[in-house]
Each structure stands twice: as C-alpha cells, then as structure tokens.
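To start, the structure itself, in structure tokens.
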Amino acid sequence: MIIFSVIAIIFLVACDQLIKYWCVNNLVLNESVNFIKIGDTKIFDLTLLYNNGAIFGSMAGKRFFLIFTVLIITAVCIYALIRYGKSSKLLYSSMILMIAGGIGNLIDRIFNGGKVIDMFDFQLFNFAIFNFADICVTVGAVLFCIYSIFIDGKKNGEKKNV
C-alpha cells in the first residue's frame, strides 16, 4: 500500500510539473489561449500566470510562511495516510491527492522564487486562475470532508450509541 501511495504521489506531482513546464515554454505571460470551447462558449482558457500568494492571491509575498504551512499540512497528511489510510479508500485517496498537490506547489515555491505557476482560467464566470496541483488539493479536501462527515461521522455516532 505504501509503494502504491508513493507511485501515485510521484505520478501526480510529475503530471503537475510537466503541465507547468509545457505552459512556461509554450504560453506567453498573462495572455490567454483557447483551451476548451463548446460552440461559442468558452469553458477554459490557458493563461500563464505566476502567483506569489495562496488562494486568490492572498498572503502575497509571504514565501517562507507559505512554504512552512504547506510543509506542516503535507506532513500531517502523510501521517494520516500512514496511520489511518488503510481504514478507508476514500480517506486514502484524499490524502494522496492533498500530498501530491502540496508537493507540486511546494516545488514551485522553493525553485521558482516563491511563485506558483498557474494556467487554468475558468471562463464561465470570473474565477481564480489555478493549476493541476490546486485541483489535486481541492478534490482531496472535498473527499476528506465527505469522509469526515458521512463515513467517520457515522462510525463515531455508532460508537456513542453502543
């Protein structure tokens, strides 16, 4: 199980870094390129952007705080994966996604002057530009919330009633 976890995390981080590498070498900074379009409706554009903050640009310029925070959260997720991952495939999957996303953005922060490379520009409504690592973290967090509320919450409720 640990070997699969490591392979999955490496695969997801590699996907993130390859997408970012491609974007840096093929897109012009702050210029949009059509990516997914249905008829006349734009769904996604690719827009190369460097973000030196966290979500929606918050905490801009706080490089070392963001690195430290991501390291702590990633360490907690690794602990949870090792300690509790076998109890649920949903928990296991959520931890892998959050770890991979955290590492993907951490690589950018450390080796790219504190900036994360973003490229996915959702066009249906005004939304932040994000990257594959952000998608991993977000999906992982949603899965963790589902696990916490519907699976672990039920287990805890059953224990209290017995």
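Scheme for the structure tokens: letters A, B, ... for chains in order shown; per-chain residue numbers from 1; ligand numbers from 1 in order shown.
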
Quick one: everything within 9 Å of segment 45-52 of chain A, counting only C-alpha atoms, minus sequence neighbours fewer than 6 positions away in the same chain. Send it as a PyMOL selection string.
chain A and resi 20+23-24+27-37+58-63+109+113-123+129-130

Atoms kept (N, CA and C atoms) for selection, written as a tab-separated table (two decimals), in the first residue's frame:
chain	number	residue	atom	x	y	z
A	20	LYS	N	3.08	22.36	-16.02
A	20	LYS	CA	3.67	23.68	-15.76
A	20	LYS	C	4.85	23.94	-16.69
A	23	CYS	N	3.53	24.78	-20.12
A	23	CYS	CA	2.94	26.13	-20.14
A	23	CYS	C	4.00	27.22	-20.15
A	24	VAL	N	5.02	27.07	-19.33
A	24	VAL	CA	6.10	28.06	-19.28
A	24	VAL	C	6.81	28.15	-20.62
A	27	LEU	N	3.45	29.19	-23.58
A	27	LEU	CA	2.49	30.27	-23.41
A	27	LEU	C	3.22	31.57	-23.11
A	28	VAL	N	2.57	32.67	-23.43
A	28	VAL	CA	3.10	34.00	-23.13
A	28	VAL	C	2.45	34.48	-21.84
A	29	LEU	N	3.25	35.03	-20.96
A	29	LEU	CA	2.78	35.50	-19.66
A	29	LEU	C	1.57	36.43	-19.81
A	30	ASN	N	0.51	36.13	-19.06
A	30	ASN	CA	-0.73	36.93	-19.00
A	30	ASN	C	-1.54	36.96	-20.29
A	31	GLU	N	-1.22	36.14	-21.26
A	31	GLU	CA	-2.02	36.07	-22.49
A	31	GLU	C	-2.79	34.76	-22.50
A	32	SER	N	-4.06	34.83	-22.91
A	32	SER	CA	-4.93	33.66	-22.90
A	32	SER	C	-4.97	32.97	-24.26
A	33	VAL	N	-5.09	31.65	-24.19
A	33	VAL	CA	-5.24	30.82	-25.38
A	33	VAL	C	-6.46	29.94	-25.15
A	34	ASN	N	-7.33	29.82	-26.18
A	34	ASN	CA	-8.49	28.95	-26.05
A	34	ASN	C	-8.04	27.53	-25.73
A	35	PHE	N	-8.70	26.91	-24.77
A	35	PHE	CA	-8.36	25.54	-24.39
A	35	PHE	C	-9.57	24.63	-24.56
A	36	ILE	N	-10.66	24.93	-23.90
A	36	ILE	CA	-11.89	24.15	-24.06
A	36	ILE	C	-13.00	25.13	-24.39
A	37	LYS	N	-13.65	24.86	-25.54
A	37	LYS	CA	-14.70	25.75	-26.02
A	37	LYS	C	-15.80	24.87	-26.61
A	58	SER	N	-4.13	35.59	-1.95
A	58	SER	CA	-3.98	36.02	-0.55
A	58	SER	C	-2.58	35.69	-0.05
A	59	MET	N	-2.13	36.41	0.93
A	59	MET	CA	-0.81	36.26	1.54
A	59	MET	C	0.33	36.41	0.53
A	60	ALA	N	0.13	37.27	-0.45
A	60	ALA	CA	1.14	37.50	-1.48
A	60	ALA	C	2.45	37.94	-0.84
A	61	GLY	N	3.54	37.37	-1.32
A	61	GLY	CA	4.86	37.74	-0.84
A	61	GLY	C	5.30	37.07	0.45
A	62	LYS	N	4.48	36.26	1.03
A	62	LYS	CA	4.82	35.58	2.29
A	62	LYS	C	5.38	34.19	1.98
A	63	ARG	N	6.43	34.14	1.20
A	63	ARG	CA	7.01	32.90	0.68
A	63	ARG	C	7.33	31.89	1.77
A	109	ARG	N	7.21	26.91	-5.24
A	109	ARG	CA	7.58	27.95	-4.26
A	109	ARG	C	9.08	27.92	-3.95
A	113	GLY	N	11.28	31.05	-7.01
A	113	GLY	CA	11.28	32.36	-6.34
A	113	GLY	C	10.03	32.64	-5.53
A	114	GLY	N	9.40	31.60	-4.99
A	114	GLY	CA	8.22	31.77	-4.17
A	114	GLY	C	6.93	31.86	-4.96
A	115	LYS	N	7.02	31.73	-6.27
A	115	LYS	CA	5.84	31.85	-7.13
A	115	LYS	C	5.37	30.49	-7.61
A	116	VAL	N	4.04	30.33	-7.65
A	116	VAL	CA	3.43	29.12	-8.18
A	116	VAL	C	2.96	29.42	-9.60
A	117	ILE	N	3.16	28.47	-10.49
A	117	ILE	CA	2.76	28.64	-11.88
A	117	ILE	C	1.30	28.19	-12.01
A	118	ASP	N	0.45	29.11	-12.45
A	118	ASP	CA	-0.97	28.82	-12.67
A	118	ASP	C	-1.27	28.95	-14.16
A	119	MET	N	-2.31	28.20	-14.62
A	119	MET	CA	-2.61	28.26	-16.05
A	119	MET	C	-4.07	28.03	-16.41
A	120	PHE	N	-4.85	27.34	-15.60
A	120	PHE	CA	-6.23	27.04	-15.96
A	120	PHE	C	-7.13	28.23	-15.60
A	121	ASP	N	-7.71	28.82	-16.61
A	121	ASP	CA	-8.51	30.03	-16.47
A	121	ASP	C	-9.96	29.70	-16.82
A	122	PHE	N	-10.79	29.46	-15.79
A	122	PHE	CA	-12.19	29.10	-15.96
A	122	PHE	C	-12.95	30.30	-16.50
A	123	GLN	N	-13.65	30.13	-17.62
A	123	GLN	CA	-14.25	31.27	-18.33
A	123	GLN	C	-15.75	31.42	-18.14
A	129	ILE	N	-7.33	31.86	-11.49
A	129	ILE	CA	-6.54	31.01	-12.37
A	129	ILE	C	-5.80	30.03	-11.47
A	130	PHE	N	-5.80	28.75	-11.81
A	130	PHE	CA	-5.27	27.72	-10.93
A	130	PHE	C	-4.47	26.70	-11.73

I want to know what sits within 9 Å of Ala141 of chain A, based on only C-alpha atoms, with residues of the same chain fewer than 6 positions away left out; could you give that as a PyMOL selection string?
chain A and resi 94-95+97-98

Go ahead and save the residues from that selection, with all heavy atoms, as a short mmCIF file (atom, residue, chain, number, x, y, z; two decimals), in the first residue's frame.
data_model
loop_
_atom_site.label_atom_id
_atom_site.label_comp_id
_atom_site.auth_asym_id
_atom_site.auth_seq_id
_atom_site.Cartn_x
_atom_site.Cartn_y
_atom_site.Cartn_z
N SER A 94 -8.00 10.77 -0.65
CA SER A 94 -7.96 12.20 -0.34
C SER A 94 -6.57 12.61 0.14
O SER A 94 -6.07 13.67 -0.24
CB SER A 94 -9.03 12.56 0.69
OG SER A 94 -8.73 12.05 1.97
N MET A 95 -5.94 11.78 0.96
CA MET A 95 -4.60 12.11 1.46
C MET A 95 -3.57 12.11 0.32
O MET A 95 -2.72 13.01 0.25
CB MET A 95 -4.17 11.12 2.55
CG MET A 95 -4.93 11.25 3.85
SD MET A 95 -4.76 12.89 4.59
CE MET A 95 -6.47 13.41 4.59
N LEU A 97 -4.09 12.76 -2.84
CA LEU A 97 -4.31 13.96 -3.65
C LEU A 97 -3.78 15.21 -2.95
O LEU A 97 -3.13 16.06 -3.59
CB LEU A 97 -5.80 14.11 -3.97
CG LEU A 97 -6.35 13.14 -5.01
CD1 LEU A 97 -7.87 13.16 -5.00
CD2 LEU A 97 -5.81 13.48 -6.39
N MET A 98 -4.06 15.35 -1.67
CA MET A 98 -3.59 16.55 -0.96
C MET A 98 -2.07 16.57 -0.84
O MET A 98 -1.45 17.63 -0.97
CB MET A 98 -4.27 16.66 0.40
CG MET A 98 -5.73 17.04 0.29
SD MET A 98 -6.51 17.52 1.83
CE MET A 98 -6.64 15.96 2.67
#

In segment 49-127 of chain A, what's strand (DSSP E or B) per DSSP? Answer as a PDB file with N, CA and C atoms, in the first residue's frame?
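And here is the file that came out, states_8.pdb:
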ATOM      1  N   LEU A  49       0.334  32.452 -15.583  1.00  0.00           N
ATOM      2  CA  LEU A  49       0.358  33.444 -14.515  1.00  0.00           C
ATOM      3  C   LEU A  49       1.263  32.930 -13.401  1.00  0.00           C
ATOM      4  N   TYR A  50       2.000  33.830 -12.785  1.00  0.00           N
ATOM      5  CA  TYR A  50       2.816  33.475 -11.625  1.00  0.00           C
ATOM      6  C   TYR A  50       2.155  34.075 -10.391  1.00  0.00           C
ATOM      7  N   ASN A  51       1.856  33.225  -9.425  1.00  0.00           N
ATOM      8  CA  ASN A  51       1.148  33.649  -8.216  1.00  0.00           C
ATOM      9  C   ASN A  51       2.094  33.527  -7.023  1.00  0.00           C
ATOM     10  N   VAL A 116       4.042  30.326  -7.648  1.00  0.00           N
ATOM     11  CA  VAL A 116       3.427  29.121  -8.177  1.00  0.00           C
ATOM     12  C   VAL A 116       2.962  29.422  -9.598  1.00  0.00           C
ATOM     13  N   ILE A 117       3.164  28.473 -10.487  1.00  0.00           N
ATOM     14  CA  ILE A 117       2.759  28.637 -11.881  1.00  0.00           C
ATOM     15  C   ILE A 117       1.297  28.195 -12.009  1.00  0.00           C
ATOM     16  N   ASP A 118       0.447  29.107 -12.453  1.00  0.00           N
ATOM     17  CA  ASP A 118      -0.970  28.819 -12.672  1.00  0.00           C
ATOM     18  C   ASP A 118      -1.275  28.954 -14.156  1.00  0.00           C
ATOM     19  N   MET A 119      -2.307  28.203 -14.620  1.00  0.00           N
ATOM     20  CA  MET A 119      -2.615  28.257 -16.045  1.00  0.00           C
ATOM     21  C   MET A 119      -4.070  28.030 -16.414  1.00  0.00           C
ATOM     22  N   PHE A 120      -4.848  27.343 -15.599  1.00  0.00           N
ATOM     23  CA  PHE A 120      -6.232  27.044 -15.960  1.00  0.00           C
ATOM     24  C   PHE A 120      -7.126  28.227 -15.597  1.00  0.00           C
ATOM     25  N   ASP A 121      -7.714  28.821 -16.613  1.00  0.00           N
ATOM     26  CA  ASP A 121      -8.511  30.029 -16.468  1.00  0.00           C
ATOM     27  C   ASP A 121      -9.963  29.701 -16.816  1.00  0.00           C
ATOM     28  N   PHE A 122     -10.787  29.464 -15.791  1.00  0.00           N
ATOM     29  CA  PHE A 122     -12.195  29.105 -15.962  1.00  0.00           C
ATOM     30  C   PHE A 122     -12.947  30.303 -16.500  1.00  0.00           C
TER      31      PHE A 122
END

Go through A:Phe65, A:Thr41, A:Ala100, A:Gly85 one by one, measure the shortest atom-to-atom distance of each to Ala133 of chain A using only C-alpha atoms, and give the residue with the smallest value.
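Comparing A:Phe65, A:Thr41, A:Ala100, A:Gly85 against Ala133 of chain A, the winner is A:Ala100.
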
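For Leu106 of chain A, the non-local neighbours within 9 Å, defined as residues at least 5 positions apart in the same chain or in other chains and counting only C-alpha atoms, are Leu66, Ile67, Val70, Leu71, Gly101, Phe111, Gly114 and Val116 of chain A.
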